[in-house]
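Text of the file my_file.txt, holding compact mmCIF, all heavy atoms:
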```
# COMPACT_ATOMS: atom_id res chain seq x y z
N MET A 1 -5.37 -18.26 11.64
CA MET A 1 -4.83 -17.03 12.16
C MET A 1 -3.65 -16.56 11.30
O MET A 1 -3.47 -15.37 11.12
CB MET A 1 -4.40 -17.27 13.61
CG MET A 1 -4.67 -16.14 14.52
SD MET A 1 -6.27 -15.42 14.29
CE MET A 1 -6.30 -14.36 15.63
N LEU A 2 -2.86 -17.49 10.81
CA LEU A 2 -1.73 -17.11 9.98
C LEU A 2 -2.17 -16.41 8.70
O LEU A 2 -1.50 -15.49 8.23
CB LEU A 2 -0.88 -18.33 9.63
CG LEU A 2 -0.08 -18.94 10.77
CD1 LEU A 2 0.58 -20.23 10.32
CD2 LEU A 2 0.95 -17.96 11.28
N LEU A 3 -3.27 -16.86 8.15
CA LEU A 3 -3.77 -16.26 6.92
C LEU A 3 -4.13 -14.79 7.14
O LEU A 3 -3.79 -13.94 6.32
CB LEU A 3 -4.99 -17.02 6.41
CG LEU A 3 -5.64 -16.45 5.15
CD1 LEU A 3 -4.66 -16.47 3.99
CD2 LEU A 3 -6.89 -17.21 4.81
N TRP A 4 -4.80 -14.48 8.26
CA TRP A 4 -5.19 -13.09 8.53
C TRP A 4 -3.96 -12.22 8.73
O TRP A 4 -3.94 -11.07 8.29
CB TRP A 4 -6.11 -13.01 9.74
CG TRP A 4 -7.43 -13.65 9.47
CD1 TRP A 4 -7.95 -14.73 10.09
CD2 TRP A 4 -8.39 -13.27 8.48
NE1 TRP A 4 -9.17 -15.06 9.57
CE2 TRP A 4 -9.47 -14.17 8.57
CE3 TRP A 4 -8.44 -12.26 7.54
CZ2 TRP A 4 -10.58 -14.08 7.75
CZ3 TRP A 4 -9.54 -12.17 6.72
CH2 TRP A 4 -10.60 -13.07 6.83
N GLY A 5 -2.94 -12.74 9.39
CA GLY A 5 -1.71 -11.99 9.57
C GLY A 5 -1.04 -11.70 8.24
O GLY A 5 -0.55 -10.59 8.01
N PHE A 6 -1.01 -12.72 7.37
CA PHE A 6 -0.42 -12.55 6.05
C PHE A 6 -1.18 -11.50 5.24
O PHE A 6 -0.59 -10.62 4.63
CB PHE A 6 -0.42 -13.89 5.30
CG PHE A 6 0.00 -13.77 3.86
CD1 PHE A 6 1.32 -13.61 3.54
CD2 PHE A 6 -0.94 -13.82 2.85
CE1 PHE A 6 1.72 -13.50 2.21
CE2 PHE A 6 -0.57 -13.71 1.53
CZ PHE A 6 0.77 -13.55 1.21
N LEU A 7 -2.51 -11.58 5.27
CA LEU A 7 -3.33 -10.63 4.52
C LEU A 7 -3.16 -9.21 5.06
O LEU A 7 -3.08 -8.25 4.29
CB LEU A 7 -4.80 -11.05 4.56
CG LEU A 7 -5.15 -12.30 3.77
CD1 LEU A 7 -6.60 -12.68 3.98
CD2 LEU A 7 -4.84 -12.14 2.30
N ALA A 8 -3.08 -9.08 6.38
CA ALA A 8 -2.89 -7.75 6.98
C ALA A 8 -1.55 -7.17 6.56
O ALA A 8 -1.44 -5.98 6.25
CB ALA A 8 -3.00 -7.84 8.50
N ARG A 9 -0.51 -7.99 6.56
CA ARG A 9 0.82 -7.54 6.17
C ARG A 9 0.84 -7.11 4.70
O ARG A 9 1.41 -6.08 4.34
CB ARG A 9 1.84 -8.65 6.41
CG ARG A 9 3.27 -8.19 6.34
CD ARG A 9 4.28 -9.27 6.71
NE ARG A 9 3.82 -10.22 7.71
CZ ARG A 9 3.54 -11.51 7.46
NH1 ARG A 9 3.70 -12.01 6.25
NH2 ARG A 9 3.12 -12.31 8.43
N GLN A 10 0.21 -7.89 3.84
CA GLN A 10 0.14 -7.55 2.43
C GLN A 10 -0.62 -6.25 2.21
O GLN A 10 -0.24 -5.43 1.38
CB GLN A 10 -0.50 -8.68 1.62
CG GLN A 10 0.33 -9.93 1.54
CD GLN A 10 1.68 -9.66 0.91
OE1 GLN A 10 2.69 -9.55 1.59
NE2 GLN A 10 1.71 -9.56 -0.39
N PHE A 11 -1.69 -6.05 2.97
CA PHE A 11 -2.47 -4.83 2.85
C PHE A 11 -1.63 -3.63 3.28
O PHE A 11 -1.66 -2.58 2.62
CB PHE A 11 -3.75 -4.92 3.69
CG PHE A 11 -4.61 -3.70 3.59
CD1 PHE A 11 -5.29 -3.42 2.41
CD2 PHE A 11 -4.74 -2.83 4.66
CE1 PHE A 11 -6.08 -2.29 2.30
CE2 PHE A 11 -5.53 -1.70 4.56
CZ PHE A 11 -6.21 -1.43 3.38
N ARG A 12 -0.87 -3.74 4.37
CA ARG A 12 0.00 -2.65 4.81
C ARG A 12 1.07 -2.35 3.77
O ARG A 12 1.40 -1.18 3.52
CB ARG A 12 0.66 -3.00 6.15
CG ARG A 12 -0.26 -2.81 7.33
CD ARG A 12 0.49 -2.86 8.64
NE ARG A 12 1.31 -4.04 8.82
CZ ARG A 12 0.90 -5.20 9.35
NH1 ARG A 12 -0.34 -5.31 9.76
NH2 ARG A 12 1.72 -6.21 9.47
N ARG A 13 1.61 -3.39 3.15
CA ARG A 13 2.60 -3.17 2.09
C ARG A 13 1.99 -2.44 0.91
O ARG A 13 2.60 -1.53 0.34
CB ARG A 13 3.19 -4.51 1.64
CG ARG A 13 4.15 -5.09 2.62
CD ARG A 13 4.70 -6.39 2.14
NE ARG A 13 5.66 -6.91 3.10
CZ ARG A 13 6.16 -8.11 3.07
NH1 ARG A 13 5.81 -8.96 2.12
NH2 ARG A 13 7.03 -8.50 3.99
N TRP A 14 0.79 -2.84 0.53
CA TRP A 14 0.11 -2.18 -0.58
C TRP A 14 -0.16 -0.72 -0.26
O TRP A 14 0.03 0.16 -1.10
CB TRP A 14 -1.20 -2.92 -0.88
CG TRP A 14 -2.02 -2.24 -1.93
CD1 TRP A 14 -1.84 -2.29 -3.29
CD2 TRP A 14 -3.14 -1.39 -1.71
NE1 TRP A 14 -2.78 -1.52 -3.91
CE2 TRP A 14 -3.60 -0.96 -2.97
CE3 TRP A 14 -3.80 -0.96 -0.56
CZ2 TRP A 14 -4.69 -0.12 -3.11
CZ3 TRP A 14 -4.89 -0.12 -0.71
CH2 TRP A 14 -5.32 0.29 -1.98
N GLN A 15 -0.60 -0.44 0.99
CA GLN A 15 -0.85 0.94 1.41
C GLN A 15 0.44 1.76 1.34
O GLN A 15 0.42 2.90 0.88
CB GLN A 15 -1.38 0.98 2.84
CG GLN A 15 -2.83 0.64 2.97
CD GLN A 15 -3.29 0.73 4.41
OE1 GLN A 15 -2.59 0.29 5.33
NE2 GLN A 15 -4.45 1.30 4.62
N THR A 16 1.54 1.19 1.82
CA THR A 16 2.81 1.90 1.80
C THR A 16 3.24 2.18 0.36
O THR A 16 3.69 3.29 0.05
CB THR A 16 3.90 1.08 2.52
OG1 THR A 16 3.48 0.84 3.87
CG2 THR A 16 5.23 1.80 2.53
N TYR A 17 3.10 1.20 -0.51
CA TYR A 17 3.45 1.39 -1.92
C TYR A 17 2.63 2.52 -2.52
O TYR A 17 3.16 3.44 -3.13
CB TYR A 17 3.22 0.08 -2.69
CG TYR A 17 3.41 0.23 -4.18
CD1 TYR A 17 4.68 0.17 -4.73
CD2 TYR A 17 2.34 0.45 -5.03
CE1 TYR A 17 4.88 0.32 -6.10
CE2 TYR A 17 2.52 0.60 -6.39
CZ TYR A 17 3.79 0.54 -6.92
OH TYR A 17 3.98 0.69 -8.26
N ASN A 18 1.31 2.46 -2.33
CA ASN A 18 0.42 3.48 -2.89
C ASN A 18 0.73 4.86 -2.36
O ASN A 18 0.76 5.84 -3.11
CB ASN A 18 -1.03 3.12 -2.56
CG ASN A 18 -1.79 2.66 -3.75
OD1 ASN A 18 -1.24 2.56 -4.83
ND2 ASN A 18 -3.05 2.37 -3.55
N ARG A 19 0.93 4.97 -1.04
CA ARG A 19 1.22 6.26 -0.42
C ARG A 19 2.53 6.83 -0.95
O ARG A 19 2.62 8.02 -1.25
CB ARG A 19 1.29 6.09 1.10
CG ARG A 19 1.31 7.40 1.85
CD ARG A 19 1.29 7.21 3.37
NE ARG A 19 0.40 6.15 3.82
CZ ARG A 19 0.82 5.04 4.45
NH1 ARG A 19 2.08 4.85 4.70
NH2 ARG A 19 -0.06 4.13 4.84
N THR A 20 3.54 5.98 -1.10
CA THR A 20 4.84 6.44 -1.58
C THR A 20 4.75 6.94 -3.02
O THR A 20 5.27 8.01 -3.35
CB THR A 20 5.89 5.31 -1.48
OG1 THR A 20 5.94 4.85 -0.13
CG2 THR A 20 7.26 5.79 -1.90
N VAL A 21 4.08 6.18 -3.88
CA VAL A 21 3.92 6.60 -5.28
C VAL A 21 3.15 7.92 -5.35
O VAL A 21 3.54 8.84 -6.07
CB VAL A 21 3.21 5.51 -6.11
CG1 VAL A 21 2.79 6.04 -7.47
CG2 VAL A 21 4.12 4.30 -6.28
N THR A 22 2.09 8.03 -4.58
CA THR A 22 1.26 9.24 -4.60
C THR A 22 2.06 10.46 -4.15
O THR A 22 2.05 11.50 -4.81
CB THR A 22 0.03 9.07 -3.69
OG1 THR A 22 -0.73 7.96 -4.17
CG2 THR A 22 -0.83 10.31 -3.69
N GLU A 23 2.77 10.33 -3.03
CA GLU A 23 3.51 11.48 -2.50
C GLU A 23 4.66 11.89 -3.42
O GLU A 23 4.87 13.08 -3.66
CB GLU A 23 4.04 11.16 -1.10
CG GLU A 23 2.96 11.04 -0.05
CD GLU A 23 2.17 12.32 0.13
OE1 GLU A 23 2.77 13.40 0.14
OE2 GLU A 23 0.94 12.23 0.25
N LEU A 24 5.41 10.93 -3.93
CA LEU A 24 6.52 11.28 -4.82
C LEU A 24 6.02 11.83 -6.15
O LEU A 24 6.65 12.70 -6.74
CB LEU A 24 7.42 10.07 -5.04
CG LEU A 24 8.28 9.64 -3.85
CD1 LEU A 24 9.04 8.36 -4.17
CD2 LEU A 24 9.24 10.75 -3.44
N SER A 25 4.89 11.34 -6.62
CA SER A 25 4.34 11.84 -7.89
C SER A 25 3.87 13.28 -7.79
O SER A 25 3.81 13.99 -8.79
CB SER A 25 3.19 10.95 -8.34
OG SER A 25 3.67 9.66 -8.64
N LYS A 26 3.51 13.71 -6.60
CA LYS A 26 3.06 15.09 -6.39
C LYS A 26 4.21 16.09 -6.51
O LYS A 26 3.97 17.26 -6.78
CB LYS A 26 2.42 15.24 -5.02
CG LYS A 26 1.07 14.60 -4.89
CD LYS A 26 0.54 14.82 -3.49
CE LYS A 26 -0.81 14.13 -3.29
NZ LYS A 26 -1.29 14.31 -1.91
N LEU A 27 5.44 15.63 -6.29
CA LEU A 27 6.59 16.54 -6.32
C LEU A 27 6.92 16.95 -7.75
O LEU A 27 6.74 16.16 -8.68
CB LEU A 27 7.81 15.86 -5.70
CG LEU A 27 7.72 15.48 -4.22
CD1 LEU A 27 8.97 14.73 -3.80
CD2 LEU A 27 7.52 16.71 -3.37
N ASP A 28 7.39 18.16 -7.90
CA ASP A 28 7.82 18.60 -9.23
C ASP A 28 9.23 18.05 -9.50
O ASP A 28 9.89 17.50 -8.62
CB ASP A 28 7.77 20.13 -9.36
CG ASP A 28 8.69 20.84 -8.38
OD1 ASP A 28 9.31 20.18 -7.53
OD2 ASP A 28 8.78 22.08 -8.47
N ASP A 29 9.67 18.19 -10.75
CA ASP A 29 10.95 17.61 -11.16
C ASP A 29 12.12 18.19 -10.37
O ASP A 29 13.07 17.49 -10.06
CB ASP A 29 11.17 17.81 -12.66
CG ASP A 29 10.22 16.95 -13.48
OD1 ASP A 29 9.78 15.91 -12.98
OD2 ASP A 29 9.94 17.34 -14.63
N ARG A 30 12.04 19.45 -10.05
CA ARG A 30 13.14 20.08 -9.29
C ARG A 30 13.24 19.50 -7.88
O ARG A 30 14.33 19.23 -7.38
CB ARG A 30 12.93 21.59 -9.23
CG ARG A 30 14.09 22.29 -8.60
CD ARG A 30 13.90 23.78 -8.60
NE ARG A 30 15.09 24.41 -8.10
CZ ARG A 30 15.68 25.44 -8.64
NH1 ARG A 30 15.18 25.95 -9.75
NH2 ARG A 30 16.75 25.95 -8.11
N SER A 31 12.11 19.30 -7.23
CA SER A 31 12.11 18.72 -5.88
C SER A 31 12.62 17.28 -5.92
O SER A 31 13.36 16.86 -5.02
CB SER A 31 10.70 18.74 -5.28
OG SER A 31 10.26 20.07 -5.13
N LEU A 32 12.22 16.54 -6.94
CA LEU A 32 12.72 15.17 -7.08
C LEU A 32 14.23 15.18 -7.30
O LEU A 32 14.95 14.34 -6.73
CB LEU A 32 12.03 14.46 -8.25
CG LEU A 32 10.58 14.04 -8.00
CD1 LEU A 32 9.96 13.53 -9.30
CD2 LEU A 32 10.49 13.00 -6.91
N ALA A 33 14.72 16.12 -8.10
CA ALA A 33 16.16 16.21 -8.33
C ALA A 33 16.89 16.55 -7.04
O ALA A 33 18.01 16.06 -6.81
CB ALA A 33 16.45 17.26 -9.40
N ASP A 34 16.28 17.35 -6.18
CA ASP A 34 16.90 17.70 -4.90
C ASP A 34 17.12 16.47 -4.01
O ASP A 34 18.07 16.42 -3.24
CB ASP A 34 16.05 18.72 -4.14
CG ASP A 34 16.15 20.11 -4.72
OD1 ASP A 34 17.08 20.37 -5.53
OD2 ASP A 34 15.29 20.95 -4.36
N ILE A 35 16.22 15.50 -4.12
CA ILE A 35 16.39 14.28 -3.32
C ILE A 35 17.00 13.15 -4.15
O ILE A 35 17.00 11.99 -3.74
CB ILE A 35 15.06 13.83 -2.67
CG1 ILE A 35 13.97 13.56 -3.72
CG2 ILE A 35 14.59 14.83 -1.65
CD1 ILE A 35 12.71 12.96 -3.16
N ASN A 36 17.51 13.53 -5.33
CA ASN A 36 18.24 12.61 -6.19
C ASN A 36 17.38 11.43 -6.67
O ASN A 36 17.81 10.27 -6.64
CB ASN A 36 19.50 12.11 -5.50
CG ASN A 36 20.54 11.66 -6.48
OD1 ASN A 36 20.51 12.03 -7.64
ND2 ASN A 36 21.48 10.85 -6.02
N VAL A 37 16.16 11.74 -7.11
CA VAL A 37 15.23 10.74 -7.61
C VAL A 37 14.70 11.21 -8.96
O VAL A 37 14.28 12.35 -9.09
CB VAL A 37 14.04 10.54 -6.63
CG1 VAL A 37 12.99 9.63 -7.23
CG2 VAL A 37 14.53 9.99 -5.31
N SER A 38 14.73 10.33 -9.94
CA SER A 38 14.11 10.68 -11.22
C SER A 38 12.68 10.13 -11.23
O SER A 38 12.35 9.20 -10.49
CB SER A 38 14.90 10.09 -12.39
OG SER A 38 14.81 8.69 -12.39
N ARG A 39 11.86 10.73 -12.05
CA ARG A 39 10.46 10.32 -12.10
C ARG A 39 10.30 8.84 -12.47
O ARG A 39 9.40 8.16 -12.00
CB ARG A 39 9.71 11.20 -13.10
CG ARG A 39 8.24 11.18 -12.90
CD ARG A 39 7.54 12.39 -13.48
NE ARG A 39 7.82 13.64 -12.81
CZ ARG A 39 7.24 14.04 -11.68
NH1 ARG A 39 6.39 13.25 -11.08
NH2 ARG A 39 7.51 15.21 -11.15
N SER A 40 11.21 8.32 -13.27
CA SER A 40 11.12 6.92 -13.67
C SER A 40 11.48 5.96 -12.54
O SER A 40 11.20 4.76 -12.64
CB SER A 40 12.03 6.66 -14.87
OG SER A 40 13.38 6.88 -14.52
N GLU A 41 12.06 6.45 -11.47
CA GLU A 41 12.45 5.60 -10.34
C GLU A 41 11.38 5.50 -9.24
O GLU A 41 11.54 4.74 -8.30
CB GLU A 41 13.72 6.14 -9.68
CG GLU A 41 14.95 6.08 -10.54
CD GLU A 41 16.13 6.73 -9.87
OE1 GLU A 41 15.99 7.88 -9.40
OE2 GLU A 41 17.18 6.08 -9.80
N ILE A 42 10.31 6.25 -9.38
CA ILE A 42 9.32 6.34 -8.30
C ILE A 42 8.74 4.97 -7.95
O ILE A 42 8.70 4.58 -6.79
CB ILE A 42 8.21 7.34 -8.66
CG1 ILE A 42 8.77 8.76 -8.65
CG2 ILE A 42 7.02 7.22 -7.71
CD1 ILE A 42 7.80 9.83 -9.10
N ARG A 43 8.31 4.22 -8.93
CA ARG A 43 7.68 2.92 -8.65
C ARG A 43 8.68 1.94 -8.04
O ARG A 43 8.33 1.17 -7.14
CB ARG A 43 7.05 2.35 -9.90
CG ARG A 43 5.85 3.15 -10.35
CD ARG A 43 5.08 2.45 -11.46
NE ARG A 43 4.06 3.31 -12.01
CZ ARG A 43 2.83 3.38 -11.50
NH1 ARG A 43 2.50 2.68 -10.47
NH2 ARG A 43 1.94 4.19 -12.06
N SER A 44 9.90 1.98 -8.50
CA SER A 44 10.93 1.12 -7.94
C SER A 44 11.20 1.46 -6.48
O SER A 44 11.32 0.57 -5.63
CB SER A 44 12.21 1.25 -8.76
OG SER A 44 13.25 0.52 -8.18
N LEU A 45 11.30 2.73 -6.18
CA LEU A 45 11.51 3.16 -4.79
C LEU A 45 10.32 2.79 -3.92
O LEU A 45 10.49 2.39 -2.76
CB LEU A 45 11.74 4.67 -4.74
CG LEU A 45 13.07 5.16 -5.27
CD1 LEU A 45 13.08 6.67 -5.37
CD2 LEU A 45 14.20 4.68 -4.40
N ALA A 46 9.12 2.89 -4.46
CA ALA A 46 7.92 2.53 -3.71
C ALA A 46 7.90 1.03 -3.41
O ALA A 46 7.54 0.61 -2.31
CB ALA A 46 6.67 2.93 -4.47
N ARG A 47 8.31 0.22 -4.39
CA ARG A 47 8.38 -1.23 -4.14
C ARG A 47 9.38 -1.53 -3.05
O ARG A 47 9.14 -2.35 -2.17
CB ARG A 47 8.77 -1.96 -5.43
CG ARG A 47 7.60 -2.31 -6.31
CD ARG A 47 7.97 -3.30 -7.39
NE ARG A 47 9.08 -2.87 -8.23
CZ ARG A 47 8.97 -2.09 -9.29
NH1 ARG A 47 7.78 -1.66 -9.64
NH2 ARG A 47 10.02 -1.75 -9.99
N HIS A 48 10.52 -0.86 -3.09
CA HIS A 48 11.55 -1.05 -2.07
C HIS A 48 11.03 -0.62 -0.69
O HIS A 48 11.22 -1.32 0.31
CB HIS A 48 12.81 -0.26 -2.43
CG HIS A 48 13.91 -0.43 -1.46
ND1 HIS A 48 14.65 -1.60 -1.36
CD2 HIS A 48 14.40 0.42 -0.54
CE1 HIS A 48 15.53 -1.44 -0.41
NE2 HIS A 48 15.41 -0.23 0.11
N ALA A 49 10.35 0.51 -0.64
CA ALA A 49 9.80 1.01 0.63
C ALA A 49 8.74 0.07 1.19
O ALA A 49 8.68 -0.17 2.39
CB ALA A 49 9.22 2.40 0.45
N SER A 50 7.90 -0.48 0.32
CA SER A 50 6.84 -1.35 0.79
C SER A 50 7.38 -2.70 1.25
O SER A 50 6.78 -3.36 2.09
CB SER A 50 5.78 -1.56 -0.28
OG SER A 50 6.30 -2.27 -1.38
N GLY A 51 8.52 -3.11 0.75
CA GLY A 51 9.12 -4.36 1.21
C GLY A 51 9.70 -4.27 2.59
O GLY A 51 9.88 -5.25 3.28
N ALA A 52 9.98 -3.03 3.04
CA ALA A 52 10.58 -2.83 4.36
C ALA A 52 9.52 -2.82 5.46
O ALA A 52 9.86 -2.78 6.63
CB ALA A 52 11.35 -1.50 4.36
N VAL A 53 8.25 -2.85 5.09
CA VAL A 53 7.18 -2.78 6.10
C VAL A 53 7.02 -4.12 6.76
O VAL A 53 7.10 -5.16 6.22
CB VAL A 53 5.86 -2.33 5.45
CG1 VAL A 53 4.71 -2.46 6.41
CG2 VAL A 53 5.97 -0.92 4.96
```
With the file now loaded, output its structure as structure tokens.
Amino acid sequence: MLLWGFLARQFRRWQTYNRTVTELSKLDDRSLADINVSRSEIRSLARHASGAV
């Protein structure tokens, strides 16, 4: 049972990472600047967001 819980948690983290990267990548540079994010920081922010799940 522990294995399934671990796998489910990892899958949710992966989904969160993917969703975050996709949504932030859709924004133009001006919108990213408005939220104080550079394009090079997107993956790092997504990793941070997925760790909070």
*Identify, on the basis of all atoms listed in the file, every residue whose closest approach to range 2-18 of chain A does not exceed 5 Å; exclude the query and any residue fewer than 4 positions from it along the same chain; express the result as a list in words.*
Thr22, Glu23, Arg43, Ala46, Arg47, Ala49, Ser50, Gly51 and Val53 of chain A
_DSSP on the backbone, alpha helix (DSSP H) only: what residues of chain A does that give? Format it as JSON, numbers by chain._
{"A": [2, 3, 4, 5, 6, 7, 8, 9, 10, 11, 12, 13, 14, 15, 16, 17, 18, 19, 20, 21, 22, 23, 24, 25, 26, 29, 30, 31, 32, 33, 34, 42, 43, 44, 45, 46, 47, 48, 49, 50, 51]}
*Quick one: distance from atom O of Ser25 in chain A to atom O of Ser44 in chain A in Å, one decimal?*
15.7 Å
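The interatomic distance for the pair ND1 of His48 in chain A and atom C of Ser31 in chain A works out to 19.5 Å.
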